[in-house]
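Novice: Below you'll find protein_19.csv; it's CSV, C-alpha atoms.
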```csv
chain,number,residue,atom,x,y,z
A,1,MET,CA,91.5,60.7,124.2
A,2,LEU,CA,95.0,59.5,124.9
A,3,ASP,CA,97.1,59.0,121.7
A,4,THR,CA,98.5,55.6,122.2
A,5,HIS,CA,100.6,55.8,119.0
A,6,ARG,CA,102.7,58.8,120.2
A,7,GLN,CA,105.9,57.5,121.8
A,8,LEU,CA,107.0,59.3,125.0
A,9,PRO,CA,110.6,60.4,124.9
A,10,MET,CA,113.2,58.6,126.9
A,11,LEU,CA,114.8,61.2,129.0
A,12,LEU,CA,118.4,60.9,130.1
A,13,THR,CA,119.7,62.7,133.2
A,14,LEU,CA,123.2,64.2,132.5
A,15,LEU,CA,125.6,65.6,135.0
A,16,ALA,CA,128.8,67.7,134.5
A,17,ASP,CA,131.5,68.8,136.8
A,18,THR,CA,131.5,72.6,136.5
A,19,GLN,CA,135.3,72.8,136.3
A,20,GLN,CA,135.5,71.5,132.7
A,21,PRO,CA,133.1,73.8,131.0
A,22,ALA,CA,134.0,76.7,133.3
A,23,ARG,CA,137.5,76.7,131.8
A,24,GLN,CA,136.3,77.4,128.3
A,25,ALA,CA,135.8,80.8,126.9
A,26,VAL,CA,132.2,82.1,126.3
A,27,ARG,CA,132.1,83.3,122.7
A,28,LEU,CA,129.1,84.9,121.0
A,29,PRO,CA,128.8,86.0,117.4
A,30,GLY,CA,128.6,89.7,116.9
A,31,GLY,CA,125.3,91.4,117.7
A,32,TYR,CA,124.4,89.1,120.6
A,33,ILE,CA,124.5,89.9,124.3
A,34,LEU,CA,124.4,87.3,127.0
A,35,ARG,CA,123.4,88.3,130.5
A,36,ALA,CA,121.9,87.0,133.7
A,37,MET,CA,118.2,86.5,133.6
A,38,THR,CA,116.0,88.8,135.6
A,39,LYS,CA,112.5,88.1,137.0
A,40,ALA,CA,111.1,90.4,134.3
A,41,ASP,CA,112.7,88.3,131.6
A,42,ILE,CA,110.7,85.2,132.6
A,43,ALA,CA,107.4,86.4,131.1
A,44,ARG,CA,109.4,87.8,128.1
A,45,CYS,CA,110.5,84.3,127.3
A,46,ALA,CA,107.0,83.1,126.4
A,47,GLN,CA,107.2,84.3,122.8
A,48,LEU,CA,110.7,82.7,122.4
A,49,TYR,CA,109.4,79.5,124.1
A,50,VAL,CA,106.5,79.0,121.7
A,51,ALA,CA,108.8,79.7,118.7
A,52,ALA,CA,111.5,77.3,119.9
A,53,TYR,CA,109.3,74.2,120.4
A,54,PRO,CA,107.2,72.1,118.0
A,55,ARG,CA,103.4,72.5,118.4
A,56,ASP,CA,103.0,69.0,119.9
A,57,ILE,CA,105.2,70.2,122.8
A,58,VAL,CA,104.0,73.9,123.2
A,59,ALA,CA,100.7,74.4,121.4
A,60,ASP,CA,100.5,78.2,121.4
A,61,LEU,CA,101.4,81.4,123.2
A,62,ALA,CA,98.8,80.9,126.0
A,63,GLU,CA,100.5,77.5,126.8
A,64,ALA,CA,103.9,79.1,126.7
A,65,GLU,CA,102.8,81.9,129.0
A,66,ALA,CA,101.4,79.4,131.4
A,67,GLU,CA,104.7,77.5,131.4
A,68,MET,CA,106.6,80.6,132.1
A,69,ALA,CA,104.2,81.5,134.9
A,70,ALA,CA,104.6,78.0,136.4
A,71,THR,CA,108.4,78.4,136.2
A,72,GLU,CA,108.3,81.7,138.0
A,73,ALA,CA,105.9,80.3,140.6
A,74,GLY,CA,108.5,77.5,141.4
A,75,ASP,CA,106.5,74.6,140.0
A,76,TYR,CA,109.8,73.1,138.6
A,77,GLY,CA,112.0,74.2,141.5
A,78,LEU,CA,113.2,77.5,142.7
A,79,LEU,CA,114.5,79.4,139.7
A,80,ALA,CA,118.1,80.4,140.3
A,81,LEU,CA,118.3,83.7,138.3
A,82,THR,CA,122.1,84.0,139.0
A,83,LEU,CA,122.5,80.6,137.2
A,84,SER,CA,120.0,81.4,134.4
A,85,CYS,CA,120.8,83.5,131.4
A,86,LEU,CA,119.3,85.2,128.4
A,87,VAL,CA,120.8,85.8,125.0
A,88,GLU,CA,119.5,88.9,123.2
A,89,GLU,CA,119.8,90.4,119.8
A,90,GLU,CA,118.7,94.0,119.5
A,91,GLY,CA,117.0,93.8,122.9
A,92,GLU,CA,114.9,90.7,122.0
A,93,PRO,CA,115.4,87.3,123.6
A,94,VAL,CA,116.7,84.7,121.2
A,95,ALA,CA,117.9,82.0,123.6
A,96,ALA,CA,117.4,81.3,127.2
A,97,LEU,CA,118.7,78.9,129.8
A,98,MET,CA,116.8,78.4,133.1
A,99,THR,CA,118.3,76.7,136.1
A,100,VAL,CA,116.6,75.7,139.4
A,101,GLU,CA,118.2,74.7,142.6
A,102,PRO,CA,117.4,72.2,143.8
A,103,ALA,CA,115.3,70.2,141.3
A,104,PRO,CA,112.0,69.1,142.8
A,105,TRP,CA,112.2,65.6,141.5
A,106,PRO,CA,113.6,62.8,143.7
A,107,ASP,CA,115.4,61.1,140.8
A,108,THR,CA,117.8,63.9,140.1
A,109,PRO,CA,121.2,64.8,141.5
A,110,SER,CA,121.6,67.5,144.1
A,111,GLY,CA,122.8,70.9,143.0
A,112,PRO,CA,121.8,73.2,140.1
A,113,PHE,CA,119.6,71.6,137.5
A,114,ILE,CA,118.9,73.1,134.1
A,115,ILE,CA,115.2,72.8,133.3
A,116,GLU,CA,115.2,74.7,130.0
A,117,LEU,CA,117.6,75.6,127.2
A,118,PHE,CA,115.8,76.9,124.1
A,119,THR,CA,116.8,78.9,121.1
A,120,HIS,CA,114.7,80.6,118.4
A,121,PRO,CA,114.9,78.5,115.2
A,122,VAL,CA,116.3,81.5,113.2
A,123,HIS,CA,119.2,81.7,115.7
A,124,ARG,CA,120.2,78.1,116.0
A,125,ARG,CA,123.6,76.7,115.0
A,126,ARG,CA,125.4,79.9,116.1
A,127,GLY,CA,126.8,78.7,119.4
A,128,LEU,CA,124.2,80.4,121.6
A,129,GLY,CA,123.2,77.3,123.5
A,130,ARG,CA,126.9,76.5,124.0
A,131,ALA,CA,127.6,80.0,125.2
A,132,ALA,CA,124.7,79.9,127.7
A,133,LEU,CA,125.9,76.6,129.1
A,134,LEU,CA,129.4,77.8,129.5
A,135,TRP,CA,128.2,81.0,131.1
A,136,THR,CA,126.0,79.0,133.6
A,137,ALA,CA,128.9,76.6,134.4
A,138,GLN,CA,131.2,79.6,135.1
A,139,ALA,CA,128.5,81.3,137.3
A,140,ALA,CA,128.0,78.0,139.2
A,141,GLN,CA,131.7,77.5,139.6
A,142,ALA,CA,132.0,81.1,140.9
A,143,GLN,CA,129.3,80.3,143.5
A,144,GLY,CA,131.1,77.2,144.7
A,145,LYS,CA,128.7,74.8,142.9
A,146,HIS,CA,130.6,71.7,141.6
A,147,THR,CA,128.0,70.2,139.3
A,148,LEU,CA,125.3,71.0,136.8
A,149,ALA,CA,122.6,68.6,135.7
A,150,LEU,CA,119.9,68.4,133.1
A,151,ARG,CA,117.6,66.1,131.3
A,152,VAL,CA,117.6,65.5,127.5
A,153,ASP,CA,115.6,63.4,125.1
A,154,ALA,CA,117.7,60.4,124.2
A,155,GLN,CA,116.8,60.9,120.5
A,156,ASN,CA,118.0,64.5,120.4
A,157,ALA,CA,121.4,63.8,118.9
A,158,ALA,CA,122.4,67.5,118.4
A,159,ALA,CA,121.8,68.3,122.1
A,160,LEU,CA,123.6,65.1,123.2
A,161,ARG,CA,126.6,66.1,121.1
A,162,LEU,CA,126.7,69.5,122.7
A,163,TYR,CA,126.3,68.3,126.2
A,164,THR,CA,128.9,65.5,125.8
A,165,ALA,CA,131.4,68.0,124.3
A,166,LEU,CA,131.0,70.1,127.5
A,167,GLY,CA,131.6,67.2,129.8
A,168,PHE,CA,128.1,66.0,130.7
A,169,VAL,CA,127.8,62.3,131.3
A,170,ARG,CA,124.9,60.1,132.1
A,171,TRP,CA,123.8,60.0,135.7
A,172,PRO,CA,123.7,57.6,137.6
```
Can you give me the file's structure in the form of structure tokens?
Specialist:
Amino acid sequence: MLDTHRQLPMLLTLLADTQQPARQAVRLPGGYILRAMTKADIARCAQLYVAAYPRDIVADLAEAEAEMAATEAGDYGLLALTLSCLVEEEGEPVAALMTVEPAPWPDTPSGPFIIELFTHPVHRRRGLGRAALLWTAQAAQAQGKHTLALRVDAQNAAALRLYTALGFVRWP
């Protein structure tokens, strides 16, 4: 039965010129490593994915594994591993950013599109998401990509502050 009381999020599409964030230094707290994502990392992100999201978004590990498999299969666009990254602590994923190119939706700008940025709750507020975004902007800039885009829930004030600080603006 459809829950008619649950309000669907209003998603905003944001776009950034890669030059602004690409000029900023990528800084991580001690003990963290940030690197390009590999194909093998996609499945490893399922545990992180289920930990990062509330149960009304990702119910359990099986759902998270299905989402990661769909991402790998290209259901959300071709995953650009050279524009996707993983933050690890002691070899375990604690934050991930996944970028596709192009996005498969007609109402998105052309170019690299960030489909996921998620951080384990224990590791939030340490600058890991910011570092991942900066790393991706630098990688995109190095590949001659001039923009990065993403979608965000209009009610997610913390994410909006981060994206705005990095030069993302509403599109169109």
Novice: Name the residues in contact with Leu12 (chain A) at a cut-off of 6 Å, using all atoms listed in the file, excluding same-chain residues fewer than 5 positions from it; report them as number ranges by chain.
Specialist: A: 151-152, 154
Novice: If we count all atoms listed in the file and set the cut-off at 9 Å, which residues sit around Trp105 (chain A), ignoring sequence neighbours fewer than 3 positions away in its own chain? Please answer as a PyMOL selection string.
Specialist: chain A and resi 76-77+102+108
Novice: Those residues you just picked out, can you put them in a file as a PDB file, in the frame of the given file with C-alpha atoms?
Specialist:
```pdb
ATOM      1  CA  TYR A  76     109.800  73.100 138.600  1.00  0.00           C
ATOM      2  CA  GLY A  77     112.000  74.200 141.500  1.00  0.00           C
ATOM      3  CA  PRO A 102     117.400  72.200 143.800  1.00  0.00           C
ATOM      4  CA  THR A 108     117.800  63.900 140.100  1.00  0.00           C
TER       5      THR A 108
END
```
Novice: Can you tell me which residues surround Thr164 (chain A) at a distance of at most 12 Å, considering only C-alpha atoms, apart from same-chain residues fewer than 3 positions away, and format the answer as a PyMOL selection string?
Specialist: chain A and resi 14-17+20-21+130+133+150+152+157-161+167-170
Novice: Would you write out those residues with C-alpha atoms, as a PDB file, keeping the file's coordinate frame?
Specialist:
```
ATOM      1  CA  LEU A  14     123.200  64.200 132.500  1.00  0.00           C
ATOM      2  CA  LEU A  15     125.600  65.600 135.000  1.00  0.00           C
ATOM      3  CA  ALA A  16     128.800  67.700 134.500  1.00  0.00           C
ATOM      4  CA  ASP A  17     131.500  68.800 136.800  1.00  0.00           C
ATOM      5  CA  GLN A  20     135.500  71.500 132.700  1.00  0.00           C
ATOM      6  CA  PRO A  21     133.100  73.800 131.000  1.00  0.00           C
ATOM      7  CA  ARG A 130     126.900  76.500 124.000  1.00  0.00           C
ATOM      8  CA  LEU A 133     125.900  76.600 129.100  1.00  0.00           C
ATOM      9  CA  LEU A 150     119.900  68.400 133.100  1.00  0.00           C
ATOM     10  CA  VAL A 152     117.600  65.500 127.500  1.00  0.00           C
ATOM     11  CA  ALA A 157     121.400  63.800 118.900  1.00  0.00           C
ATOM     12  CA  ALA A 158     122.400  67.500 118.400  1.00  0.00           C
ATOM     13  CA  ALA A 159     121.800  68.300 122.100  1.00  0.00           C
ATOM     14  CA  LEU A 160     123.600  65.100 123.200  1.00  0.00           C
ATOM     15  CA  ARG A 161     126.600  66.100 121.100  1.00  0.00           C
ATOM     16  CA  GLY A 167     131.600  67.200 129.800  1.00  0.00           C
ATOM     17  CA  PHE A 168     128.100  66.000 130.700  1.00  0.00           C
ATOM     18  CA  VAL A 169     127.800  62.300 131.300  1.00  0.00           C
ATOM     19  CA  ARG A 170     124.900  60.100 132.100  1.00  0.00           C
TER      20      ARG A 170
END
```
Novice: What is the CA of Ala69 (chain A) to CA of Gly129 (chain A) distance in Å?
Specialist: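 About the pair CA of Ala69 (chain A) and CA of Gly129 (chain A): they are 22.6 Å apart.
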Novice: For CA of Trp171 (chain A) and CA of Ala36 (chain A), determine how far apart the two atoms are, in Å to one decimal place.
Specialist: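 About the pair CA of Trp171 (chain A) and CA of Ala36 (chain A): they are 27.1 Å apart.
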Novice: To one decimal in Å, tell me the separation between CA of Phe118 (chain A) and CA of Leu48 (chain A).
Specialist: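 Calculated distance between CA of Phe118 (chain A) and CA of Leu48 (chain A) is 7.9 Å.
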Novice: Quick one: of A:Leu134, A:Leu148, A:Ala95, A:Leu128, who's nearest to Cys45 (chain A), counting all atoms listed in the file?
Specialist: A:Ala95
Novice: List as a VMD selection string the protein and nucleic acid residues near Met68 (chain A), meaning an atom at most 7 Å away when all atoms listed in the file are counted, but skip any in the same chain fewer than 2 places from it.
Specialist: chain A and resid 42 to 43 46 64 to 66 70 to 72
Novice: Quick one: what's the axis-aligned box for region 21-25 of chain A, all listed atoms, 3 Å on every side, centre and edges in Å to one decimal, as lines of an AutoDock Vina configuration file?
Specialist:
```
center_x = 135.3
center_y = 77.3
center_z = 130.1
size_x = 10.4
size_y = 13.0
size_z = 12.4
```
Novice: Pick from A:Ile33, A:Ala103, A:Ile115, A:Ala132: nearest to Leu162 (chain A), with all atoms listed in the file counted?
Specialist: A:Ala132
Novice: Give me the residues near Val94 (chain A) as an mmCIF file with C-alpha atoms, in the frame of the given file, where near means some atom within 9 Å (using all atoms listed in the file) and where sequence neighbours in that chain fewer than 2 positions away do not count.
Specialist:
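Just written: selection_14.cif:
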```cif
data_model
loop_
_atom_site.group_PDB
_atom_site.id
_atom_site.type_symbol
_atom_site.label_atom_id
_atom_site.label_comp_id
_atom_site.auth_asym_id
_atom_site.auth_seq_id
_atom_site.Cartn_x
_atom_site.Cartn_y
_atom_site.Cartn_z
ATOM 1 C CA TYR A 32 124.400 89.100 120.600
ATOM 2 C CA CYS A 45 110.500 84.300 127.300
ATOM 3 C CA LEU A 48 110.700 82.700 122.400
ATOM 4 C CA LEU A 86 119.300 85.200 128.400
ATOM 5 C CA VAL A 87 120.800 85.800 125.000
ATOM 6 C CA GLU A 88 119.500 88.900 123.200
ATOM 7 C CA GLU A 89 119.800 90.400 119.800
ATOM 8 C CA GLU A 92 114.900 90.700 122.000
ATOM 9 C CA ALA A 96 117.400 81.300 127.200
ATOM 10 C CA PHE A 118 115.800 76.900 124.100
ATOM 11 C CA THR A 119 116.800 78.900 121.100
ATOM 12 C CA HIS A 120 114.700 80.600 118.400
ATOM 13 C CA PRO A 121 114.900 78.500 115.200
ATOM 14 C CA VAL A 122 116.300 81.500 113.200
ATOM 15 C CA HIS A 123 119.200 81.700 115.700
ATOM 16 C CA LEU A 128 124.200 80.400 121.600
#
```
Novice: For a quick check of understanding, using only C-alpha atoms, which of A:Ala73, A:Glu101, A:Pro109, A:Ala142 has the smallest distance to Pro172 (chain A)?
Specialist: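 When distances to Pro172 (chain A) are compared using only C-alpha atoms, the smallest one comes from A:Pro109.
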Novice: Using only C-alpha atoms for the distances, tell me which of A:Ala140, A:Arg124, A:Ile114, A:Leu34 is nearest to Ala51 (chain A).
Specialist: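 Of the candidates, the smallest distance to Ala51 (chain A) is held by A:Arg124.
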Novice: Considering all atoms listed in the file, can you say which of A:Glu116, A:Tyr49, A:Ala80, A:Asp60 comes closest to Pro93 (chain A)?
Specialist: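 Answer, going by the shortest atom-to-atom distance: A:Tyr49.
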